[in-house]
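Everything below concerns the one structure shown next.
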Amino acid sequence: MKKFFLFVTAVLCTLSVFAQPKLRPDNIDEIIKALTLEEKAALLVGGGWGSMTAGSMTASSETLVSGAAGTTRPVERLGIPVTVLADGPAGLRINPTRPGTDKTFYCTGFPVGTVLASTWNTALVEELTTAMGNEVKEYGVDVLLAPGQNLHRNPLCGRNFEYFSEDPLLSGKISAAYVRGVQSNGVGVSVKHFAANDQEVNRQQNDSRINVRALRELYLKGFEIAVRESDPWTVMSSYNRLNGTFTQQSRDLLTTVLRDEWGFNGIVMTDWGNKEGTVAAVNAGNDLMEPGMQNEIDRIIAGVKDGSISQEQLDTNVKRMLEYIVRTPRFQGYKFSNKPDLKAHAKLVHNATAEGLVLLENNGALPLCKKCVKTVALYGTGSYDFIAGGTGSGNVNKAYVRNVAEGFKANGLEVDADIQAWYEQYITFTKTQLRNNAADNGLGILLGDPVVPEMEISRSFIEKKQPMTDVAVLTISRNAGEGDDRKAADGDWTLTGQERELMQTLADVYHAAGKKLVVVLNIGGVIETASWKHIPDAVLLAWTPGQEGGLAVADVLCGAANPSGKLPMTFPVSYFDIPSSFNFPHNYKGGNSIDLAALLGGGNMRRRMVKDIDYTDYAEGIWVGYRYFSTAGTQVAYPFGYGLSYTTFAYSKPVVKVAKDGSITASVTVTNTGSVAGKEIVQLYVTAPDGGLVKPVYELKGFAKTKELGPGASETLTVTIDPYTLASFNEATSAWETAAGNYTVHFAASAADIRATGTFKLAKPQSWPVHKVLLPAEPVKEITVK
């Protein structure tokens with residue numbers, strides 16, 4: 001009898017196991033009922049730091065993606081798999097080598113976000129990120145933690161290279177294209193860092209204090225466009241506070257605005273950390289805590305038991321996680337190859353990069369005359385140690401970086417061998433020293449290689465090499481990245497004395513011989529140019545344009561490619577011409593490690609709140625970038641939207657029409673009036689009636705780029721603008737409002753170069769009320785611009 005009882009018990013247990021449901025897209029509600037409280041809590045918390053390294057409890061050796069940033073947790077009994085998350089945004093970031101195999105797992109180093117925005121070409125961005133998404137899928141990753149699209153509020157933000165623009169419309173449109181490209185592969189993205197994470201100094205605690213109009217019009221608008229136009233799988237909540245509340249714990253931000261107003265239907269995950277307010281984060285609508293720690297699971301369980309998290313809220317978040325999981329390649333059983341076509345992607349990057357390079361100056365020096373120029377005197381450490389991208393989590397592990405010297409050789413020019421050998425020896429020695437110093441200081445993790453400073457070169461050496469060479473090219477290098485902001489200092493915002501001396505000496509020596517000097521800016525963000533831009537004969541802004549960057553730079557310099565990039569931000573004359581500079585940690589030297597003693601002046605006094613460290617007042621309000629410079633009439637070095645070409649373009653036949661639904665259609669014909677083929681970007685700025693609000697003189701409301709036009713060829717570009725895009729935010733009514741009255745559309749080559757105009761009239765105002773949320777505790781006192 002006892003044996004029979006044991007047999008029946010075993011059979012029943014076996015049947016109960018087989019009776020358990022397995023996750024499918026159509027049985028999510030059933031799975032939620034089958035999950036235990038502990039399993040539900042675990043689904044809302046990532047697999048932990050290092051969850052994709054060897055020995056992980058959340059991934060088998062067959063599914064490891066070494067170097068991925070994190071995972072979700074599985075529930076194997078219900079068929080819920082691990083999913084894998086990895087960094088971007090300039091390409092997939094995973095480890096290039098793995099123990100136990102001699103195979104490599106390199107990824108393509110794509111142009112950084114600022115370069116993508118400089119193309120003003122959404123179709124090209126989508127093409128590039130489609131290739132990027134293929135690498136994500138083929139390396140077994142489910143979500144790329146990108147794009148980053150925080151606004152370029154201030155040029156010294158350390159992560160601006162990851163982001164797109166000072167303008168929310170351009171930022172949102174480029175971001176939407178980026179998302180569509182990646183997600184066309186059946187993998188997801190995580191649009192980040194939501195929101196107002198506009199500085200790296202004390203990013204974990206800093207409180208961004210912003211009046212609601214500026215918040216809605218500038219800092220949320222780009223995210224809104226991306227959500228509405230591309231349906232990202234996930235959004236990443238940022239570290240910082242926003243008007244007093246951590247964004248990760250703000251229901252007003254993550255539910256009321258993101259979901260209720262914008263219609264977002266994906267998951268929200270935290271940026272990587274472990275804040276104490278896990279219960280508040282769950283209640284806010286933050287579905288996934290990354291990278292995930294056991295104490296976060298414990299907090300969720302305790303919160304449900306004590307009633308601080310309702311069962312309804314818990315199940316809502318769990319349901320969103322399951323809806324995400326069933327979309328992933330891992331759930332669908334995709335057999336990733338670990339063999340994306342890196343050669344094809346490299347070719348795509350090479351051909352596309354020139355569209356994001358911006359020609360700032362050209363006094364007859366470019367393109368280089370192939371009959372006149374055979375040998376190049378190539379100066380600057382960046383000419384040989386070219387910077388492909390920024391540092392931190394955005395630093396892609398790529399197989400190689402093509403430098404400018406390689407680019408010239410690929411274009412049939414010689415680089416002076418003595419200059420090259422000297423630089424290469426100096427770079428090797430200096431980088432060894434810098435790496436050792438970084439290791440001794442506990443730095444270097446995720447950061448990438450430091451920038452090698454310019455070496456001292458005597459005038460006599462330059463004079464000796466001048467007769468042997470036909471043109472001088474000097475590359476100026478800067479970089480930045482995650483964990484700290486740039487500094488308003490020599491060697492960062494401004495040139496060093498050594499760089500200035502080298503540039504001036506090269507100009508003097510080569511100009512005296514009737515030869516040219518070209519400067520290449522291999523930089524991650526805006527620098528001061530007004531004091532020296534008159535010295536060289538040409539200036540090419542290369543940014544940090546990915547692994548093929550040196551080839552693309554040489555293509556442009558030699559005329560194999562015609563640059564068509566335009567600035568997605570303003571280059572000011574002086575740093576303090578920028579209104580936000582008075583509320584930014586432009587010379588703070590502590591990074592994310594806040595030195596309390598230094599802030600307090602020593603001693604054990606109670607710590608005071610420190611401006612621009614603990615909190616940042618966005619006192620400039622809506623007056624960011626060209627909105628300020630164009631309205632105030634302040635001179636700039638290079639205006640927003642500016643960029644030269646090797647050809648010229650004429651604008652004609654501007655037409656503006658208003659449809660019955662209130663949408664505006666603006667068209668203009670662009671003609672190539674020069675002698676070489678090229679592309680032009682038409683920017684549409686709109687001057688609106690005030691409608692009771694103070695407004696910029698005009699704002700970007702649309703843009704379009706021509707196809708490549710041969711000499712004499714024309715193309716008519718048409719842009720449609722809906723009434724909501726024309727709206728400004730009225731804090732008094734908590735509504736987006738499009739005023740009645742007369743509007744002017746400016747067809748422009750830059751914010752300072754209007755080529756044609758058209759007008760239209762709206763007979764009736766329109767209004768789109770929204771929730772009155774995200775207000776600062778006290779209104780931020782803003783500057784006045786007349």
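To be explicit about the labels: the chains of the structure tokens are called A, B, and onward in the order shown, and within each one the residues are counted from 1, while ligands get numbers from 1 in the order they are shown.
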Inset, instruction - Would you list, as a list in words, the residues of region 468-503 of chain A that end up in helix (DSSP H, G or I) under DSSP run on this structure's backbone? - result: Met468, Gly497, Gln498, Glu499, Arg500, Glu501, Leu502 and Met503 of chain A
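Pairwise distance (CA of Tyr638 (chain A), CA of Asn362 (chain A)) equals 13.5 Å.
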Legend entry - Non-local contacts of Ala405 (chain A) (7 Å; only C-alpha atoms; under 5 positions in same chain excluded) as a list in words: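 The neighbour list is Ser383, Tyr384 and Val415 of chain A.
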Using N, CA, C and O atoms, can you export the residues from the last selection as a PDB file, in the first residue's frame?
```
ATOM      1  N   SER A 383      46.258  62.609 -36.213  1.00  0.00           N
ATOM      2  CA  SER A 383      46.422  62.159 -37.589  1.00  0.00           C
ATOM      3  C   SER A 383      46.815  60.690 -37.660  1.00  0.00           C
ATOM      4  O   SER A 383      46.517  60.000 -38.645  1.00  0.00           O
ATOM      5  N   TYR A 384      47.485  60.218 -36.602  1.00  0.00           N
ATOM      6  CA  TYR A 384      47.979  58.839 -36.566  1.00  0.00           C
ATOM      7  C   TYR A 384      47.279  58.004 -35.493  1.00  0.00           C
ATOM      8  O   TYR A 384      47.237  56.778 -35.598  1.00  0.00           O
ATOM      9  N   VAL A 415      52.423  60.406 -47.419  1.00  0.00           N
ATOM     10  CA  VAL A 415      52.597  61.129 -46.162  1.00  0.00           C
ATOM     11  C   VAL A 415      54.084  61.125 -45.846  1.00  0.00           C
ATOM     12  O   VAL A 415      54.743  60.074 -45.931  1.00  0.00           O
TER      13      VAL A 415
END
```
Inset, instruction - Using only C-alpha atoms, find the one residue out of A:Lys653, A:Ser308, A:Gly266, A:Pro711 that sits nearest to Ser675 (chain A). - result: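 The closest residue to Ser675 (chain A) is A:Pro711.
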Long-range neighbours of Val518 (chain A) as a compact mmCIF listing (two decimals) with all heavy atoms, in the first residue's frame, 10 Å cut-off, only C-alpha atoms, 4 positions minimum in chain:
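Dumped everything to part_29.txt:
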```
# COMPACT_ATOMS: atom_id res chain seq x y z
N GLU A 361 35.59 75.99 -42.82
CA GLU A 361 36.30 77.05 -43.54
C GLU A 361 36.91 76.46 -44.80
O GLU A 361 37.38 75.30 -44.80
CB GLU A 361 37.42 77.64 -42.67
CG GLU A 361 36.98 78.28 -41.38
CD GLU A 361 36.33 79.65 -41.57
OE1 GLU A 361 36.51 80.23 -42.67
OE2 GLU A 361 35.67 80.13 -40.64
N ASN A 362 36.97 77.26 -45.86
CA ASN A 362 37.65 76.83 -47.08
C ASN A 362 37.99 78.04 -47.94
O ASN A 362 37.16 78.56 -48.66
CB ASN A 362 36.79 75.85 -47.87
CG ASN A 362 37.56 75.21 -49.02
OD1 ASN A 362 38.79 75.22 -49.03
ND2 ASN A 362 36.84 74.66 -49.99
N ASN A 363 39.23 78.45 -47.81
CA ASN A 363 39.70 79.59 -48.60
C ASN A 363 40.51 79.11 -49.80
O ASN A 363 41.68 79.46 -49.99
CB ASN A 363 40.55 80.52 -47.72
CG ASN A 363 39.75 81.08 -46.57
OD1 ASN A 363 38.58 81.47 -46.73
ND2 ASN A 363 40.33 81.12 -45.37
N ALA A 365 41.53 76.08 -50.42
CA ALA A 365 42.50 75.02 -50.16
C ALA A 365 41.96 73.63 -50.52
O ALA A 365 42.73 72.73 -50.84
CB ALA A 365 42.89 75.04 -48.68
N LEU A 366 40.64 73.47 -50.43
CA LEU A 366 40.04 72.15 -50.64
C LEU A 366 39.04 72.19 -51.78
O LEU A 366 38.40 73.22 -52.02
CB LEU A 366 39.33 71.69 -49.35
CG LEU A 366 40.21 71.51 -48.11
CD1 LEU A 366 39.36 71.14 -46.91
CD2 LEU A 366 41.30 70.46 -48.35
N LEU A 368 41.95 69.16 -52.19
CA LEU A 368 43.36 69.26 -52.56
C LEU A 368 43.54 68.99 -54.05
O LEU A 368 42.95 68.07 -54.61
CB LEU A 368 44.18 68.25 -51.76
CG LEU A 368 44.20 68.44 -50.24
CD1 LEU A 368 44.95 67.30 -49.58
CD2 LEU A 368 44.82 69.79 -49.86
N LEU A 378 51.92 65.74 -42.56
CA LEU A 378 50.78 65.42 -41.70
C LEU A 378 51.18 65.53 -40.24
O LEU A 378 51.93 64.69 -39.71
CB LEU A 378 50.28 64.02 -42.04
CG LEU A 378 48.98 63.56 -41.37
CD1 LEU A 378 47.83 64.51 -41.65
CD2 LEU A 378 48.63 62.15 -41.82
N VAL A 471 51.62 70.32 -48.95
CA VAL A 471 50.56 70.91 -48.13
C VAL A 471 50.77 70.43 -46.70
O VAL A 471 51.31 69.34 -46.48
CB VAL A 471 49.16 70.50 -48.64
CG1 VAL A 471 48.93 69.00 -48.47
CG2 VAL A 471 48.05 71.29 -47.96
N ALA A 472 50.37 71.24 -45.75
CA ALA A 472 50.43 70.85 -44.35
C ALA A 472 49.02 70.58 -43.85
O ALA A 472 48.09 71.36 -44.13
CB ALA A 472 51.10 71.92 -43.50
N VAL A 473 48.84 69.49 -43.13
CA VAL A 473 47.56 69.15 -42.50
C VAL A 473 47.82 68.91 -41.02
O VAL A 473 48.72 68.15 -40.66
CB VAL A 473 46.93 67.90 -43.14
CG1 VAL A 473 45.65 67.49 -42.39
CG2 VAL A 473 46.63 68.15 -44.62
N LEU A 474 47.04 69.55 -40.18
CA LEU A 474 47.18 69.44 -38.72
C LEU A 474 45.87 68.95 -38.14
O LEU A 474 44.81 69.56 -38.35
CB LEU A 474 47.55 70.80 -38.12
CG LEU A 474 47.49 70.91 -36.59
CD1 LEU A 474 48.52 69.99 -35.94
CD2 LEU A 474 47.71 72.37 -36.15
N THR A 475 45.92 67.85 -37.40
CA THR A 475 44.74 67.33 -36.73
C THR A 475 44.77 67.71 -35.25
O THR A 475 45.77 67.44 -34.55
CB THR A 475 44.65 65.80 -36.86
OG1 THR A 475 44.61 65.45 -38.25
CG2 THR A 475 43.40 65.26 -36.18
N MET A 503 50.16 75.47 -34.88
CA MET A 503 49.30 75.91 -35.98
C MET A 503 49.83 77.19 -36.62
O MET A 503 49.92 77.28 -37.86
CB MET A 503 47.87 76.16 -35.47
CG MET A 503 46.89 76.53 -36.57
SD MET A 503 45.27 77.03 -35.94
CE MET A 503 44.74 75.55 -35.11
N LEU A 506 53.12 76.47 -38.60
CA LEU A 506 52.82 75.80 -39.86
C LEU A 506 52.25 76.78 -40.87
O LEU A 506 52.65 76.77 -42.06
CB LEU A 506 51.82 74.65 -39.62
CG LEU A 506 52.38 73.40 -38.95
CD1 LEU A 506 51.25 72.46 -38.54
CD2 LEU A 506 53.35 72.67 -39.88
N ALA A 507 51.34 77.64 -40.42
CA ALA A 507 50.76 78.62 -41.34
C ALA A 507 51.83 79.57 -41.86
O ALA A 507 51.89 79.85 -43.08
CB ALA A 507 49.65 79.40 -40.63
N ILE A 535 43.50 81.45 -39.13
CA ILE A 535 44.90 81.09 -39.39
C ILE A 535 45.03 80.08 -40.52
O ILE A 535 45.80 80.29 -41.46
CB ILE A 535 45.58 80.59 -38.10
CG1 ILE A 535 45.59 81.71 -37.04
CG2 ILE A 535 47.00 80.11 -38.39
CD1 ILE A 535 46.10 81.25 -35.67
N PRO A 536 44.34 78.94 -40.47
CA PRO A 536 44.48 77.96 -41.56
C PRO A 536 43.70 78.37 -42.80
O PRO A 536 42.87 79.29 -42.76
CB PRO A 536 43.93 76.68 -40.94
CG PRO A 536 42.94 77.14 -39.92
CD PRO A 536 43.48 78.44 -39.37
N ASP A 537 43.92 77.67 -43.87
CA ASP A 537 43.21 77.94 -45.12
C ASP A 537 41.91 77.15 -45.23
O ASP A 537 41.04 77.48 -46.04
CB ASP A 537 44.12 77.58 -46.31
CG ASP A 537 45.40 78.38 -46.27
OD1 ASP A 537 45.36 79.59 -46.56
OD2 ASP A 537 46.45 77.79 -45.92
N ALA A 538 41.79 76.11 -44.42
CA ALA A 538 40.55 75.33 -44.39
C ALA A 538 40.46 74.63 -43.04
O ALA A 538 41.48 74.30 -42.43
CB ALA A 538 40.51 74.30 -45.53
N VAL A 539 39.22 74.43 -42.60
CA VAL A 539 38.97 73.70 -41.36
C VAL A 539 37.87 72.69 -41.63
O VAL A 539 36.76 73.06 -42.05
CB VAL A 539 38.54 74.64 -40.21
CG1 VAL A 539 38.27 73.82 -38.94
CG2 VAL A 539 39.59 75.71 -39.95
N LEU A 540 38.18 71.42 -41.39
CA LEU A 540 37.19 70.35 -41.55
C LEU A 540 36.87 69.79 -40.17
O LEU A 540 37.75 69.31 -39.46
CB LEU A 540 37.73 69.24 -42.45
CG LEU A 540 36.78 68.04 -42.62
CD1 LEU A 540 35.52 68.45 -43.38
CD2 LEU A 540 37.49 66.88 -43.33
N LEU A 557 39.00 65.60 -47.96
CA LEU A 557 40.11 66.51 -48.24
C LEU A 557 40.59 66.38 -49.69
O LEU A 557 41.00 67.37 -50.31
CB LEU A 557 41.27 66.24 -47.29
CG LEU A 557 41.01 66.48 -45.80
CD1 LEU A 557 42.28 66.21 -45.00
CD2 LEU A 557 40.49 67.89 -45.52
```
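Checking A:Ile94, A:Val358, A:Ile267, A:Val668 one by one against Thr718 (chain A), counting only C-alpha atoms, you find the shortest gap at A:Val668.
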Legend entry - Atomic separation - CA of Val279 (chain A) relative to CA of Val235 (chain A), Å: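 One can read the CA of Val235 (chain A) to CA of Val279 (chain A) distance as 18.9 Å.
Nearest-residue note for Arg213 (chain A): choosing from A:Leu43, A:Ala756, A:Ile622, A:Leu156, the minimum distance belongs to A:Ile622, counting only C-alpha atoms.
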Residues within 9 Å of Asn583 (chain A), please, as a PDB file with C-alpha atoms, in the first residue's frame. Count only C-alpha atoms; anything in the same chain fewer than 4 positions from it doesn't count.
```
ATOM      1  CA  PRO A 579      23.425  81.320 -21.108  1.00  0.00           C
ATOM      2  CA  LYS A 611      24.954  74.870  -6.974  1.00  0.00           C
ATOM      3  CA  ASP A 612      25.583  72.987 -10.239  1.00  0.00           C
ATOM      4  CA  THR A 616      21.315  72.814 -11.443  1.00  0.00           C
ATOM      5  CA  ASP A 617      18.955  75.686 -12.204  1.00  0.00           C
ATOM      6  CA  TYR A 618      18.019  75.769 -15.861  1.00  0.00           C
ATOM      7  CA  ALA A 619      17.804  79.546 -15.612  1.00  0.00           C
ATOM      8  CA  GLU A 620      18.230  79.967 -19.364  1.00  0.00           C
TER       9      GLU A 620
END
```
Inset, instruction - Excluding Val349 (chain A) and any residue of its chain fewer than 4 positions from it, enumerate the residues within 10 Å of it, using only C-alpha atoms, and give them as a PyMOL selection string. - result: chain A and resi 108-111+127-128+131+343-345+353-354+545-549+552
Legend entry - Backbone-only DSSP, strand (DSSP E or B) members of region 335-462 of chain A, as a PyMOL selection string: chain A and resi 358-362+375-379+391+414-415
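The protein and nucleic acid residues lying at most 9 Å from region 316-323 of chain A are Leu23, Pro25, Ile28, Asp29, Ile31, Ile32, Lys40, Ala41, Leu43, Leu44, Ile80, Asn265, Gly266, Ile267, Val282, Asn283, Gly285, Asn286, Asp287, Leu288, Gln311, Glu312, Gln313, Val326 and Arg327 of chain A, with only C-alpha atoms considered and sequence neighbours fewer than 3 positions away removed.
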How close does each residue of region 232-267 of chain A get to region 161-180 of chain A, giving the shortest atom pair and distance in Å to one decimal for every residue with an atom at most 12 Å away, counting only C-alpha atoms, sorted by chain and residue number, as a Markdown table?
```
| residue | atom | partner | partner_atom | distance |
| --- | --- | --- | --- | --- |
| A:Pro232 | CA | A:Val179 | CA | 6.4 |
| A:Trp233 | CA | A:Val179 | CA | 9.1 |
| A:Thr234 | CA | A:Val179 | CA | 10.4 |
| A:Val235 | CA | A:Val179 | CA | 11.3 |
```
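The two atoms in question, CA of Ile427 (chain A) and CA of Gly113 (chain A), are spaced 27.3 Å apart.
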Inset, instruction - Rank nothing, just name the residue among A:Gln20, A:Thr744, A:Ser714, A:Ser750 nearest to Leu762 (chain A), using only C-alpha atoms. - result: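 Of A:Gln20, A:Thr744, A:Ser714, A:Ser750, the one nearest Leu762 (chain A), counting only C-alpha atoms, is A:Thr744.
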Inset, instruction - Measuring atom to atom with only C-alpha atoms, identify which of A:Tyr615, A:Tyr588, A:Thr97, A:Gly412 is nearest to Ser208 (chain A). - result: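 Ranked by minimum distance to Ser208 (chain A), first place goes to A:Tyr615.
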